[in-house]
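Undergrad: Got target_9.csv for you, CSV, C-alpha atoms and all ligand atoms:
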chain,number,residue,atom,x,y,z
Z,1,MET,CA,-170.3,124.7,32.6
Z,2,GLU,CA,-169.5,125.3,36.3
Z,3,LYS,CA,-171.1,122.9,38.7
Z,4,THR,CA,-172.7,124.6,41.7
Z,5,CYS,CA,-173.6,123.1,45.0
Z,6,SER,CA,-177.3,122.2,45.2
Z,7,ARG,CA,-177.8,123.9,48.6
Z,8,CYS,CA,-175.4,126.9,48.8
Z,9,ILE,CA,-173.8,128.9,46.0
Z,10,LEU,CA,-170.3,127.6,45.9
Z,11,GLY,CA,-169.1,126.3,42.6
Z,12,ASP,CA,-166.5,123.7,41.6
Z,13,THR,CA,-163.9,126.5,41.1
Z,14,PHE,CA,-163.8,127.0,44.8
Z,15,PRO,CA,-160.5,125.5,46.2
Z,16,ASN,CA,-160.8,122.0,47.6
Z,17,ILE,CA,-164.5,121.7,47.1
Z,18,ASN,CA,-166.2,118.3,46.7
Z,19,PHE,CA,-169.8,117.2,46.3
Z,20,ASP,CA,-171.8,114.3,47.6
Z,21,LYS,CA,-174.2,112.2,45.5
Z,22,ASP,CA,-176.9,114.8,46.0
Z,23,GLY,CA,-174.7,117.6,44.8
Z,24,VAL,CA,-174.2,119.1,48.3
Z,25,CYS,CA,-170.7,120.4,49.0
Z,26,ASN,CA,-168.3,119.7,51.8
Z,27,HIS,CA,-168.8,123.3,53.2
Z,28,CYS,CA,-172.5,122.7,53.6
Z,29,HIS,CA,-171.7,119.5,55.5
Z,30,ARG,CA,-169.2,121.3,57.7
Z,31,TYR,CA,-171.9,123.9,58.4
Z,32,ASP,CA,-174.4,121.2,59.4
Z,33,LYS,CA,-171.9,119.7,61.8
Z,34,ARG,CA,-171.3,123.0,63.5
Z,35,CYS,CA,-175.0,123.7,63.7
Z,36,SER,CA,-175.6,120.5,65.5
Z,37,LYS,CA,-172.7,121.0,67.9
Z,38,PHE,CA,-173.7,124.6,68.6
Z,39,SER,CA,-177.4,124.3,68.2
Z,40,VAL,CA,-179.4,127.1,69.9
Z,41,ASN,CA,-181.2,125.0,72.6
Z,42,PRO,CA,-181.8,125.4,76.4
Z,43,GLU,CA,-179.0,123.0,77.2
Z,44,ASN,CA,-176.4,125.0,75.2
Z,45,GLN,CA,-177.7,128.3,76.6
Z,46,LYS,CA,-177.0,126.8,80.0
Z,47,LYS,CA,-173.5,125.9,78.9
Z,48,LEU,CA,-172.9,129.4,77.7
Z,49,ARG,CA,-174.2,130.9,81.0
Z,50,SER,CA,-171.9,128.7,83.0
Z,51,LEU,CA,-169.0,129.6,80.8
Z,52,VAL,CA,-169.6,133.3,81.5
Z,53,GLU,CA,-169.8,132.6,85.2
Z,54,ARG,CA,-166.5,130.8,85.0
Z,55,VAL,CA,-164.9,133.8,83.2
Z,56,LYS,CA,-166.1,136.0,86.0
Z,57,SER,CA,-164.9,133.8,88.8
Z,58,ARG,CA,-161.4,133.1,87.2
Z,59,GLY,CA,-161.0,136.9,86.6
Z,60,ARG,CA,-161.8,137.9,90.2
Z,61,GLY,CA,-159.2,140.2,91.5
Z,62,LEU,CA,-157.7,140.9,88.1
Z,63,GLU,CA,-157.9,144.3,86.3
Z,64,TYR,CA,-159.9,142.6,83.5
Z,65,ASP,CA,-161.6,139.2,83.4
Z,66,CYS,CA,-161.4,138.9,79.6
Z,67,ILE,CA,-160.0,140.4,76.5
Z,68,GLN,CA,-161.5,141.1,73.1
Z,69,GLY,CA,-160.1,142.3,69.8
Z,70,VAL,CA,-162.1,145.1,68.2
Z,71,SER,CA,-162.2,146.6,64.7
Z,72,GLY,CA,-165.3,148.8,64.7
Z,73,GLY,CA,-167.0,146.0,62.7
Z,74,ARG,CA,-170.4,144.5,63.5
Z,75,ASP,CA,-169.3,141.2,65.0
Z,76,SER,CA,-166.7,142.5,67.4
Z,77,THR,CA,-168.9,145.4,68.4
Z,78,TYR,CA,-171.9,143.2,69.2
Z,79,THR,CA,-169.7,140.7,71.1
Z,80,LEU,CA,-168.4,143.5,73.2
Z,81,TYR,CA,-171.9,144.7,73.9
Z,82,LEU,CA,-172.9,141.2,75.0
Z,83,LEU,CA,-169.9,140.9,77.4
Z,84,LYS,CA,-171.0,144.0,79.2
Z,85,GLN,CA,-174.7,142.8,79.2
Z,86,TRP,CA,-173.4,139.7,81.0
Z,87,GLY,CA,-171.6,141.7,83.6
Z,88,LEU,CA,-168.0,140.9,82.4
Z,89,ASN,CA,-165.2,143.4,82.5
Z,90,PRO,CA,-163.4,143.2,79.2
Z,91,LEU,CA,-160.3,144.9,77.9
Z,92,ALA,CA,-160.8,145.9,74.2
Z,93,VAL,CA,-157.7,145.7,72.0
Z,94,HIS,CA,-157.2,147.3,68.7
Z,95,VAL,CA,-154.2,147.0,66.4
Z,96,ASP,CA,-153.7,150.3,64.6
Z,97,ASN,CA,-152.0,149.8,61.1
Z,98,ARG,CA,-152.9,153.3,59.9
Z,99,MET,CA,-155.5,151.9,57.5
Z,100,ASP,CA,-158.7,152.1,59.6
Z,101,SER,CA,-161.6,153.9,57.9
Z,102,SER,CA,-162.9,156.9,59.8
Z,103,ILE,CA,-166.3,155.1,60.4
Z,104,ALA,CA,-164.4,152.2,62.1
Z,105,VAL,CA,-162.5,154.6,64.4
Z,106,ASP,CA,-165.7,156.4,65.4
Z,107,ASN,CA,-167.4,153.0,65.9
Z,108,MET,CA,-164.7,151.8,68.3
Z,109,LYS,CA,-164.5,155.1,70.3
Z,110,ASN,CA,-168.3,155.4,70.6
Z,111,THR,CA,-168.7,151.8,71.6
Z,112,CYS,CA,-166.0,151.8,74.2
Z,113,ARG,CA,-167.2,155.1,75.7
Z,114,LYS,CA,-170.8,154.1,75.9
Z,115,LEU,CA,-170.1,150.6,77.3
Z,116,ASP,CA,-167.4,152.0,79.6
Z,117,VAL,CA,-164.8,149.6,78.3
Z,118,ASP,CA,-161.0,150.4,78.3
Z,119,LEU,CA,-159.6,150.5,74.8
Z,120,HIS,CA,-156.0,149.5,74.3
Z,121,ASN,CA,-154.8,150.8,71.0
Z,122,HIS,CA,-151.6,148.9,70.0
Z,123,THR,CA,-149.7,150.8,67.3
Z,124,VAL,CA,-147.5,148.6,65.0
Z,125,GLU,CA,-143.8,149.5,64.6
Z,126,TRP,CA,-144.5,151.4,61.4
Z,127,GLU,CA,-141.3,151.0,59.3
Z,128,GLU,CA,-141.3,147.2,59.7
Z,129,PHE,CA,-145.0,146.9,59.2
Z,130,LYS,CA,-145.0,149.1,56.1
Z,131,ASP,CA,-142.1,147.1,54.7
Z,132,LEU,CA,-143.8,143.8,55.3
Z,133,GLN,CA,-147.1,145.0,53.8
Z,134,ARG,CA,-145.2,146.2,50.7
Z,135,SER,CA,-143.5,142.8,50.5
Z,136,PHE,CA,-146.9,141.0,50.5
Z,137,LEU,CA,-148.1,143.2,47.7
Z,138,PHE,CA,-144.9,142.7,45.7
Z,139,ALA,CA,-145.1,138.9,46.3
Z,140,SER,CA,-148.2,138.8,44.2
Z,141,VAL,CA,-150.1,136.4,46.5
Z,142,PRO,CA,-153.7,136.6,47.5
Z,143,SER,CA,-152.8,136.6,51.2
Z,144,VAL,CA,-152.4,140.4,51.3
Z,145,ASP,CA,-154.3,140.7,54.6
Z,146,ILE,CA,-151.9,138.5,56.5
Z,147,PRO,CA,-149.5,141.2,57.9
Z,148,SER,CA,-152.4,142.8,59.8
Z,149,ASP,CA,-154.2,139.6,60.6
Z,150,HIS,CA,-151.2,137.8,62.0
Z,151,ALA,CA,-150.2,140.8,64.1
Z,152,PHE,CA,-153.7,141.3,65.4
Z,153,VAL,CA,-153.9,137.7,66.8
Z,154,THR,CA,-150.4,137.7,68.3
Z,155,VAL,CA,-150.8,141.1,70.0
Z,156,LEU,CA,-154.1,140.0,71.5
Z,157,TYR,CA,-152.7,136.8,73.0
Z,158,ASP,CA,-149.5,138.5,74.1
Z,159,ILE,CA,-151.5,141.0,76.1
Z,160,ALA,CA,-153.7,138.3,77.5
Z,161,GLU,CA,-150.6,136.4,78.7
Z,162,GLU,CA,-149.0,139.6,80.1
Z,163,LYS,CA,-152.1,140.5,82.1
Z,164,ASN,CA,-152.9,136.9,83.2
Z,165,ILE,CA,-156.2,137.0,81.3
Z,166,GLU,CA,-157.4,133.5,80.6
Z,167,TYR,CA,-160.3,134.2,78.2
Z,168,VAL,CA,-160.1,135.8,74.8
Z,169,PHE,CA,-163.5,136.6,73.2
Z,170,SER,CA,-163.9,136.5,69.5
Z,171,GLY,CA,-166.8,137.8,67.3
Z,172,ALA,CA,-166.4,134.9,64.9
Z,173,SER,CA,-169.7,133.5,63.8
Z,174,PHE,CA,-170.1,130.5,61.5
Z,175,ARG,CA,-173.8,131.4,60.8
Z,176,THR,CA,-172.9,134.6,59.0
Z,177,GLU,CA,-169.3,134.3,57.9
Z,178,GLY,CA,-167.7,131.8,55.5
Z,179,LEU,CA,-164.4,130.2,56.2
Z,180,GLY,CA,-162.6,130.9,52.9
Z,181,SER,CA,-159.7,128.8,52.0
Z,182,ILE,CA,-156.0,128.8,52.7
Z,183,GLU,CA,-155.5,129.2,49.0
Z,184,TRP,CA,-156.9,132.7,49.6
Z,185,SER,CA,-155.4,133.6,52.9
Z,186,LEU,CA,-152.7,131.5,54.6
Z,187,HIS,CA,-153.0,132.0,58.3
Z,188,ASP,CA,-150.8,131.1,61.3
Z,189,ASP,CA,-147.7,130.5,59.3
Z,190,GLU,CA,-144.6,132.5,60.3
Z,191,ARG,CA,-142.4,130.6,57.8
Z,192,PHE,CA,-144.6,132.0,54.9
Z,193,ILE,CA,-144.3,135.5,56.3
Z,194,LEU,CA,-140.5,135.3,56.8
Z,195,ASP,CA,-140.0,133.9,53.3
Z,196,ILE,CA,-142.0,136.7,51.6
Z,197,GLN,CA,-140.1,139.3,53.7
Z,198,SER,CA,-136.7,137.8,52.9
Z,199,ARG,CA,-137.5,137.8,49.1
Z,200,HIS,CA,-139.3,141.1,48.8
Z,201,GLY,CA,-138.5,143.2,52.0
Z,202,THR,CA,-135.7,145.5,52.8
Z,203,MET,CA,-135.3,144.9,56.5
Z,204,ARG,CA,-135.4,142.2,59.2
Z,205,LEU,CA,-138.6,141.8,61.3
Z,206,ASP,CA,-137.2,142.5,64.8
Z,207,ASN,CA,-140.4,144.1,66.3
Z,208,TYR,CA,-143.2,142.7,64.2
Z,209,PRO,CA,-145.3,140.4,66.4
Z,210,LEU,CA,-144.6,137.0,64.8
Z,211,ARG,CA,-145.8,133.9,66.5
Z,212,THR,CA,-144.5,130.4,66.2
Z,213,ILE,CA,-146.1,127.0,67.3
Z,214,ALA,CA,-144.1,127.4,70.5
Z,215,ASP,CA,-145.9,130.6,71.4
Z,216,VAL,CA,-149.3,129.1,70.5
Z,217,PHE,CA,-148.6,126.0,72.7
Z,218,ARG,CA,-147.3,128.2,75.6
Z,219,TRP,CA,-150.6,130.2,75.6
Z,220,TYR,CA,-152.6,126.9,75.5
Z,221,ARG,CA,-150.5,125.4,78.4
Z,222,LYS,CA,-151.2,128.6,80.4
Z,223,GLY,CA,-154.9,127.9,80.1
Z,224,ILE,CA,-155.7,130.7,77.7
Z,225,ARG,CA,-158.8,129.9,75.7
Z,226,GLU,CA,-160.8,131.6,73.0
Z,227,ILE,CA,-164.6,131.8,73.4
Z,228,ARG,CA,-166.9,132.5,70.4
Z,229,PRO,CA,-170.3,133.4,72.0
Z,230,LEU,CA,-172.0,134.1,68.6
Z,231,TYR,CA,-171.5,130.3,67.8
Z,232,TRP,CA,-174.1,129.6,70.5
Z,233,MET,CA,-176.7,132.2,69.3
Z,234,ASP,CA,-179.0,132.7,66.4
Z,235,TYR,CA,-177.0,135.6,65.2
Z,236,ARG,CA,-178.7,137.7,62.5
Z,237,HIS,CA,-177.5,140.9,60.9
Z,238,ARG,CA,-180.9,142.4,60.5
Z,239,ASP,CA,-181.7,142.1,64.2
Z,240,VAL,CA,-178.3,143.2,65.4
Z,241,ASP,CA,-177.7,146.3,63.2
Z,242,PRO,CA,-180.6,148.4,64.5
Z,243,LEU,CA,-179.7,147.5,68.1
Z,244,LEU,CA,-176.1,148.6,67.7
Z,245,GLU,CA,-177.2,151.8,65.9
Z,246,ARG,CA,-179.7,152.6,68.6
Z,247,GLU,CA,-177.6,151.7,71.7
Z,248,LEU,CA,-174.1,152.5,70.6
Z,249,GLY,CA,-174.4,155.0,67.7
Z,250,TRP,CA,-172.7,152.4,65.5
Z,251,LYS,CA,-172.6,152.8,61.8
Z,252,TYR,CA,-172.4,150.3,59.0
Z,253,TYR,CA,-169.5,150.8,56.6
Z,254,GLY,CA,-170.8,149.1,53.4
Z,255,GLY,CA,-169.3,145.6,53.3
Z,256,HIS,CA,-167.6,142.8,55.2
Z,257,HIS,CA,-164.0,143.9,56.1
Z,258,PHE,CA,-164.7,147.4,54.8
Z,259,GLU,CA,-163.8,148.8,58.2
Z,260,SER,CA,-160.2,149.0,56.9
Z,261,VAL,CA,-159.4,151.0,53.8
Z,262,PHE,CA,-156.8,148.4,53.0
Z,263,THR,CA,-159.0,145.3,53.2
Z,264,ARG,CA,-161.8,147.2,51.4
Z,265,TRP,CA,-159.5,147.9,48.5
Z,266,ALA,CA,-157.9,144.4,48.6
Z,267,PHE,CA,-161.1,142.4,48.9
Z,268,ALA,CA,-163.3,144.5,46.6
Z,269,PHE,CA,-160.8,145.3,43.9
Z,270,LEU,CA,-157.3,143.7,44.0
Z,271,LEU,CA,-158.4,140.1,44.7
Z,272,PRO,CA,-161.3,139.9,42.3
Z,273,ARG,CA,-159.4,141.6,39.5
Z,274,LYS,CA,-156.1,139.9,39.9
Z,275,PHE,CA,-156.9,136.5,41.3
Z,276,GLY,CA,-160.6,136.1,40.4
Z,277,ILE,CA,-161.3,135.8,44.1
Z,278,ASP,CA,-164.5,137.4,45.4
Z,279,LYS,CA,-164.6,136.7,49.2
Z,280,ARG,CA,-168.2,137.6,49.4
Z,281,ILE,CA,-169.2,134.2,48.0
Z,282,THR,CA,-168.4,132.3,51.2
Z,283,ASP,CA,-170.3,134.8,53.3
Z,284,TYR,CA,-173.3,134.7,51.1
Z,285,ALA,CA,-173.2,130.9,50.9
Z,286,THR,CA,-173.2,130.8,54.7
Z,287,LEU,CA,-176.1,133.3,54.9
Z,288,VAL,CA,-178.1,131.0,52.6
Z,289,LEU,CA,-177.4,128.1,54.9
Z,290,SER,CA,-178.5,130.1,58.0
Z,291,LYS,CA,-181.6,131.2,56.0
Z,292,GLN,CA,-180.8,134.9,56.2
Z,293,MET,CA,-180.7,135.1,52.4
Z,294,THR,CA,-182.3,133.0,49.6
Z,295,ARG,CA,-180.1,131.3,47.0
Z,296,GLU,CA,-181.5,133.6,44.3
Z,297,GLU,CA,-180.7,136.7,46.5
Z,298,ALA,CA,-177.2,135.4,47.0
Z,299,PHE,CA,-176.6,134.9,43.3
Z,300,SER,CA,-177.9,138.4,42.5
Z,301,LYS,CA,-175.9,140.0,45.3
Z,302,MET,CA,-172.7,138.4,43.8
Z,303,ARG,CA,-173.4,140.3,40.6
Z,304,GLU,CA,-174.0,143.6,42.5
Z,305,SER,CA,-171.1,146.1,42.6
Z,306,ILE,CA,-170.5,147.5,46.1
Z,307,TYR,CA,-167.4,149.5,45.2
Z,308,SER,CA,-167.4,152.4,42.9
Z,309,ALA,CA,-164.5,153.3,40.6
Z,310,GLU,CA,-164.2,156.7,42.4
Z,311,GLN,CA,-163.9,155.0,45.8
Z,312,GLU,CA,-161.4,152.6,44.4
Z,313,GLU,CA,-159.2,155.4,43.1
Z,314,ARG,CA,-159.4,157.2,46.4
Z,315,ASP,CA,-158.5,154.1,48.4
Z,316,ARG,CA,-155.7,153.2,46.0
Z,317,LYS,CA,-154.2,156.6,46.4
Z,318,PHE,CA,-154.5,156.5,50.2
Z,319,ILE,CA,-152.8,153.1,50.3
Z,320,ALA,CA,-150.0,154.2,47.9
Z,321,ASP,CA,-149.4,157.3,50.0
Z,322,THR,CA,-149.5,155.4,53.3
Z,323,LEU,CA,-147.2,152.6,52.1
Z,324,GLU,CA,-145.1,155.0,50.0
Z,325,LEU,CA,-145.6,153.0,46.8
Z,326,THR,CA,-144.5,154.8,43.7
Z,327,GLU,CA,-146.7,154.8,40.6
Z,328,GLU,CA,-144.5,152.2,39.0
Z,329,GLU,CA,-144.6,150.0,42.1
Z,330,MET,CA,-148.4,150.2,42.3
Z,331,ASP,CA,-148.5,149.3,38.6
Z,332,SER,CA,-146.4,146.3,39.2
Z,333,VAL,CA,-148.6,145.2,42.1
Z,334,LEU,CA,-151.6,145.3,39.8
Z,335,HIS,CA,-150.0,143.7,36.8
Z,336,ALA,CA,-147.5,141.2,38.0
Z,337,ALA,CA,-148.4,137.6,37.3
Z,338,PRO,CA,-150.4,136.2,40.2
Z,339,LYS,CA,-148.8,133.6,42.4
Z,340,ARG,CA,-150.2,131.0,44.8
Z,341,ASN,CA,-149.5,131.4,48.6
Z,342,PHE,CA,-148.0,127.9,48.4
Z,343,ASP,CA,-145.4,129.1,45.9
Z,344,TYR,CA,-143.6,130.5,48.9
Z,345,ASP,CA,-142.1,128.5,51.8
Z,346,HIS,CA,-144.7,127.4,54.3
Z,347,HIS,CA,-145.3,124.8,57.0
Z,348,SER,CA,-146.5,121.4,56.2
Z,349,ARG,CA,-150.1,120.4,56.6
Z,350,PHE,CA,-149.2,118.3,59.6
Z,351,HIS,CA,-147.6,121.3,61.3
Z,352,ARG,CA,-150.7,123.4,60.6
Z,353,THR,CA,-153.0,120.7,62.0
Z,354,LEU,CA,-150.9,120.2,65.1
Z,355,GLN,CA,-150.7,123.9,65.7
Z,356,TYR,CA,-154.4,124.2,65.5
Z,357,LEU,CA,-154.9,121.3,67.9
Z,358,ILE,CA,-152.7,122.8,70.6
Z,359,SER,CA,-154.1,126.3,70.1
Z,360,PRO,CA,-156.4,128.4,72.4
Z,361,TRP,CA,-158.6,128.9,69.4
Z,362,ARG,CA,-159.2,125.1,68.8
Z,363,TYR,CA,-163.0,124.9,68.1
R,401,ZN,ZN,-172.7,123.9,49.5
Mind turning this structure into structure tokens?
TA:
Amino acid sequence: MEKTCSRCILGDTFPNINFDKDGVCNHCHRYDKRCSKFSVNPENQKKLRSLVERVKSRGRGLEYDCIQGVSGGRDSTYTLYLLKQWGLNPLAVHVDNRMDSSIAVDNMKNTCRKLDVDLHNHTVEWEEFKDLQRSFLFASVPSVDIPSDHAFVTVLYDIAEEKNIEYVFSGASFRTEGLGSIEWSLHDDERFILDIQSRHGTMRLDNYPLRTIADVFRWYRKGIREIRPLYWMDYRHRDVDPLLERELGWKYYGGHHFESVFTRWAFAFLLPRKFGIDKRITDYATLVLSKQMTREEAFSKMRESIYSAEQEERDRKFIADTLELTEEEMDSVLHAAPKRNFDYDHHSRFHRTLQYLISPWRY
């Protein structure tokens, strides 16, 4: 029988999990460490306020004092709302990969209009992006979200560098969002991307925004830093949702990462069915730890279906049309033997750690 952590809901099938003598897993311990580092107390609130003042003073005279990536999702929308409340002047950046749901697009437009924030919509070079996204599907790896994810981060930091913006705000929140595993999604690894493209793609990536450790280090040396304000706050979905609906006309879209048709289909259908990966588990485990859900609720929510067969069919058709996948190709994506991310070329663990340590998003 599967062993389950005595505090959260992760089981021993979760990659690289281990348990202490009380049956508490390493993810729970990591959560506790973050909680004590970022505890919501007057001293840390003061730190956050002085950080905001620093962003303001460093950005004086610039067109924007900070930058933030937006998706139309809850976390990025709320962070943008906070930045305006604090009197900052952010540039919102979105990377358009032709897969946004209509709710997400409305959310972004409404939010930026109501908050009077400039929205920069970066459109990917479509033929290359399409080819790369197809390659990731043909590669039969769980990391299918990487083509968008990698481009999003690179574009954000490229624009920050170009506009001399030192601060990149992120809606990441360790109290509501689980970390996942690199067995599920291998981030920050251009060698992995290039190997998949060379084996399954039909063209070179001349315009796709790849980043290497040299780019990451250059951003760091220039003083660009990521700030995650939600780390310092008691961030709760049930308090934030009504506020966003009321103030910004924001709408919920049914699930984490459901703001994109592609990730909705990939995370709710392809990954569970083909790889046995249900990414909800790390989010629910985290919500248990931050006391926004009981363990029993989390177990029962894992059994809940949030994606109907009709919706899946519609999304699959949309994705096949957009990526120009034939029926045979889509069939092979669904039925090819699953591979691990690490079956493809990738950087060493040492390289990954070093890159993280010299990155603007070191936390
Ligand atoms: Zn645990």
Undergrad: Quote the spacing between atom CA of Z:Glu2 and atom CA of Z:Ile17 in Å to one decimal place.
TA: 12.4 Å
Undergrad: Kindly provide, as an mmCIF file with C-alpha atoms, keeping the file's coordinate frame, all nucleotide and amino acid residues lying within 9 Å of ligand ZN 401 (chain R), counting only C-alpha atoms and all ligand atoms.
TA:
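Result file result_18.cif:
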data_model
loop_
_atom_site.group_PDB
_atom_site.id
_atom_site.type_symbol
_atom_site.label_atom_id
_atom_site.label_comp_id
_atom_site.auth_asym_id
_atom_site.auth_seq_id
_atom_site.Cartn_x
_atom_site.Cartn_y
_atom_site.Cartn_z
ATOM 1 C CA THR Z 4 -172.700 124.600 41.700
ATOM 2 C CA CYS Z 5 -173.600 123.100 45.000
ATOM 3 C CA SER Z 6 -177.300 122.200 45.200
ATOM 4 C CA ARG Z 7 -177.800 123.900 48.600
ATOM 5 C CA CYS Z 8 -175.400 126.900 48.800
ATOM 6 C CA ILE Z 9 -173.800 128.900 46.000
ATOM 7 C CA LEU Z 10 -170.300 127.600 45.900
ATOM 8 C CA GLY Z 11 -169.100 126.300 42.600
ATOM 9 C CA ILE Z 17 -164.500 121.700 47.100
ATOM 10 C CA PHE Z 19 -169.800 117.200 46.300
ATOM 11 C CA GLY Z 23 -174.700 117.600 44.800
ATOM 12 C CA VAL Z 24 -174.200 119.100 48.300
ATOM 13 C CA CYS Z 25 -170.700 120.400 49.000
ATOM 14 C CA ASN Z 26 -168.300 119.700 51.800
ATOM 15 C CA HIS Z 27 -168.800 123.300 53.200
ATOM 16 C CA CYS Z 28 -172.500 122.700 53.600
ATOM 17 C CA HIS Z 29 -171.700 119.500 55.500
ATOM 18 C CA TYR Z 31 -171.900 123.900 58.400
ATOM 19 C CA ALA Z 285 -173.200 130.900 50.900
ATOM 20 C CA THR Z 286 -173.200 130.800 54.700
ATOM 21 C CA LEU Z 289 -177.400 128.100 54.900
#
Undergrad: So which one's closest to Z:Tyr157, Z:Gly249, Z:Leu119, Z:Pro360, Z:Trp184? Using all atoms listed in the file, please.
TA: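 Among Z:Gly249, Z:Leu119, Z:Pro360, Z:Trp184, it is Z:Pro360 that comes nearest to Z:Tyr157.
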Undergrad: Which polymer residues have any atom within 9 Å of an atom of Z:Leu91, counting only C-alpha atoms, with same-chain residues fewer than 3 positions away left out, as a list in words?
TA: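 Selected residues are Glu63, Tyr64, Asp65, Cys66, Ile67, Gln68, Gly69, Val117, Asp118, Leu119 and His120 of chain Z.
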Undergrad: Could you take the residues named above and write them with C-alpha atoms, as a short mmCIF file (atom, residue, chain, number, x, y, z; two decimals), keeping the file's coordinate frame?
TA:
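Output contents, as saved in out37.cif:
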data_model
loop_
_atom_site.label_atom_id
_atom_site.label_comp_id
_atom_site.auth_asym_id
_atom_site.auth_seq_id
_atom_site.Cartn_x
_atom_site.Cartn_y
_atom_site.Cartn_z
CA GLU Z 63 -157.90 144.30 86.30
CA TYR Z 64 -159.90 142.60 83.50
CA ASP Z 65 -161.60 139.20 83.40
CA CYS Z 66 -161.40 138.90 79.60
CA ILE Z 67 -160.00 140.40 76.50
CA GLN Z 68 -161.50 141.10 73.10
CA GLY Z 69 -160.10 142.30 69.80
CA VAL Z 117 -164.80 149.60 78.30
CA ASP Z 118 -161.00 150.40 78.30
CA LEU Z 119 -159.60 150.50 74.80
CA HIS Z 120 -156.00 149.50 74.30
#
Undergrad: Counting only C-alpha atoms, what is within 7 Å of Z:Thr282, bar same-chain residues fewer than 6 positions away, as a list of chain:residue names?
TA: Z:Gly178, Z:Leu179, Z:Gly180
Undergrad: Could you please take those selected residues and save C-alpha atoms as a PDB file, in the frame of the given file?
TA:
ATOM      1  CA  GLY Z 178    -167.700 131.800  55.500  1.00  0.00           C
ATOM      2  CA  LEU Z 179    -164.400 130.200  56.200  1.00  0.00           C
ATOM      3  CA  GLY Z 180    -162.600 130.900  52.900  1.00  0.00           C
TER       4      GLY Z 180
END
Undergrad: When distances are computed from only C-alpha atoms, which of Z:Ile193, Z:Ile182, Z:Val261, Z:Val55 shows the smallest separation from Z:Arg98?
TA: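 Of the candidates, the smallest distance to Z:Arg98 is held by Z:Val261.
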Undergrad: I'd like the interatomic distance between atom CA of Z:Asp331 and atom CA of Z:Leu270, to a tenth of an Å.
TA: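 Spanning atom CA of Z:Asp331 to atom CA of Z:Leu270 is a straight-line distance of 11.7 Å.
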Undergrad: Could you check which of Z:Glu166, Z:Asp283, Z:Glu327, Z:Asp239 is closest to Z:Glu226, using only C-alpha atoms?
TA: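 Checking each candidate against Z:Glu226, we get Z:Glu166 as the closest.
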Undergrad: Would you mind reading off the distance between atom CA of Z:Tyr307 and atom CA of Z:His257, one decimal, in Å?
TA: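 It comes out at 12.7 Å.
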Undergrad: Please tell me which residues are no farther than 8 Å from (-170.3, 135.6, 72.4) in the file, counting all atoms listed in the file, and write them as a PyMOL selection string.
TA: chain Z and resi 79+82-83+169-171+227-233
Undergrad: Hey, which of Z:Leu244, Z:Met330, Z:Ala298, Z:Val288 ends up closest to Z:Gly73? Count only C-alpha atoms.
TA: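 Under the stated criterion, the closest residue is Z:Leu244.
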Undergrad: Nearest to Z:Arg264 among Z:Ile306, Z:Val105, Z:Ala172, Z:Leu354, with distances taken over only C-alpha atoms: which residue is it?
TA: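 Checking each candidate against Z:Arg264, we get Z:Ile306 as the closest.
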Undergrad: For Z:Asn121, find every residue with an atom within 7 Å (counting all atoms listed in the file), except residues of its own chain fewer than 3 positions away, and show them as number ranges by chain.
TA: Z: 93-96
Undergrad: Might you pull out every residue within 12 Å of Z:Tyr284, with only C-alpha atoms counted and same-chain residues fewer than 5 positions away left off, and present them as a ChimeraX atom specification?
TA: /Z:7-10,174-180,255-256,278-279,289-303
Undergrad: Tell me which of Z:Ala160, Z:Leu132, Z:Val141, Z:Ile358 sits closest to Z:Leu210, counting all atoms listed in the file.
TA: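 Closest candidate: Z:Leu132.
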Undergrad: Generate the coordinates of N, CA, C and O atoms for stretch 267-273 of chain Z; report them as an mmCIF file, in the frame of the given file.
TA:
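File out-v6.cif, as written:
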data_model
loop_
_atom_site.group_PDB
_atom_site.id
_atom_site.type_symbol
_atom_site.label_atom_id
_atom_site.label_comp_id
_atom_site.auth_asym_id
_atom_site.auth_seq_id
_atom_site.Cartn_x
_atom_site.Cartn_y
_atom_site.Cartn_z
ATOM 1 N N PHE Z 267 -160.035 143.400 49.052
ATOM 2 C CA PHE Z 267 -161.100 142.400 48.900
ATOM 3 C C PHE Z 267 -162.068 142.769 47.767
ATOM 4 O O PHE Z 267 -162.660 141.906 47.123
ATOM 5 N N ALA Z 268 -162.299 144.081 47.588
ATOM 6 C CA ALA Z 268 -163.300 144.500 46.600
ATOM 7 C C ALA Z 268 -162.686 144.772 45.234
ATOM 8 O O ALA Z 268 -163.381 144.817 44.228
ATOM 9 N N PHE Z 269 -161.378 144.969 45.192
ATOM 10 C CA PHE Z 269 -160.800 145.300 43.900
ATOM 11 C C PHE Z 269 -159.586 144.399 43.525
ATOM 12 O O PHE Z 269 -159.638 143.691 42.535
ATOM 13 N N LEU Z 270 -158.552 144.385 44.366
ATOM 14 C CA LEU Z 270 -157.300 143.700 44.000
ATOM 15 C C LEU Z 270 -157.576 142.151 43.808
ATOM 16 O O LEU Z 270 -157.186 141.565 42.795
ATOM 17 N N LEU Z 271 -158.207 141.532 44.795
ATOM 18 C CA LEU Z 271 -158.400 140.100 44.700
ATOM 19 C C LEU Z 271 -159.318 139.641 43.584
ATOM 20 O O LEU Z 271 -158.967 138.722 42.831
ATOM 21 N N PRO Z 272 -160.487 140.289 43.421
ATOM 22 C CA PRO Z 272 -161.300 139.900 42.300
ATOM 23 C C PRO Z 272 -160.638 140.115 40.937
ATOM 24 O O PRO Z 272 -160.669 139.263 40.052
ATOM 25 N N ARG Z 273 -159.971 141.248 40.811
ATOM 26 C CA ARG Z 273 -159.400 141.600 39.500
ATOM 27 C C ARG Z 273 -158.185 140.767 39.163
ATOM 28 O O ARG Z 273 -158.020 140.302 38.054
#
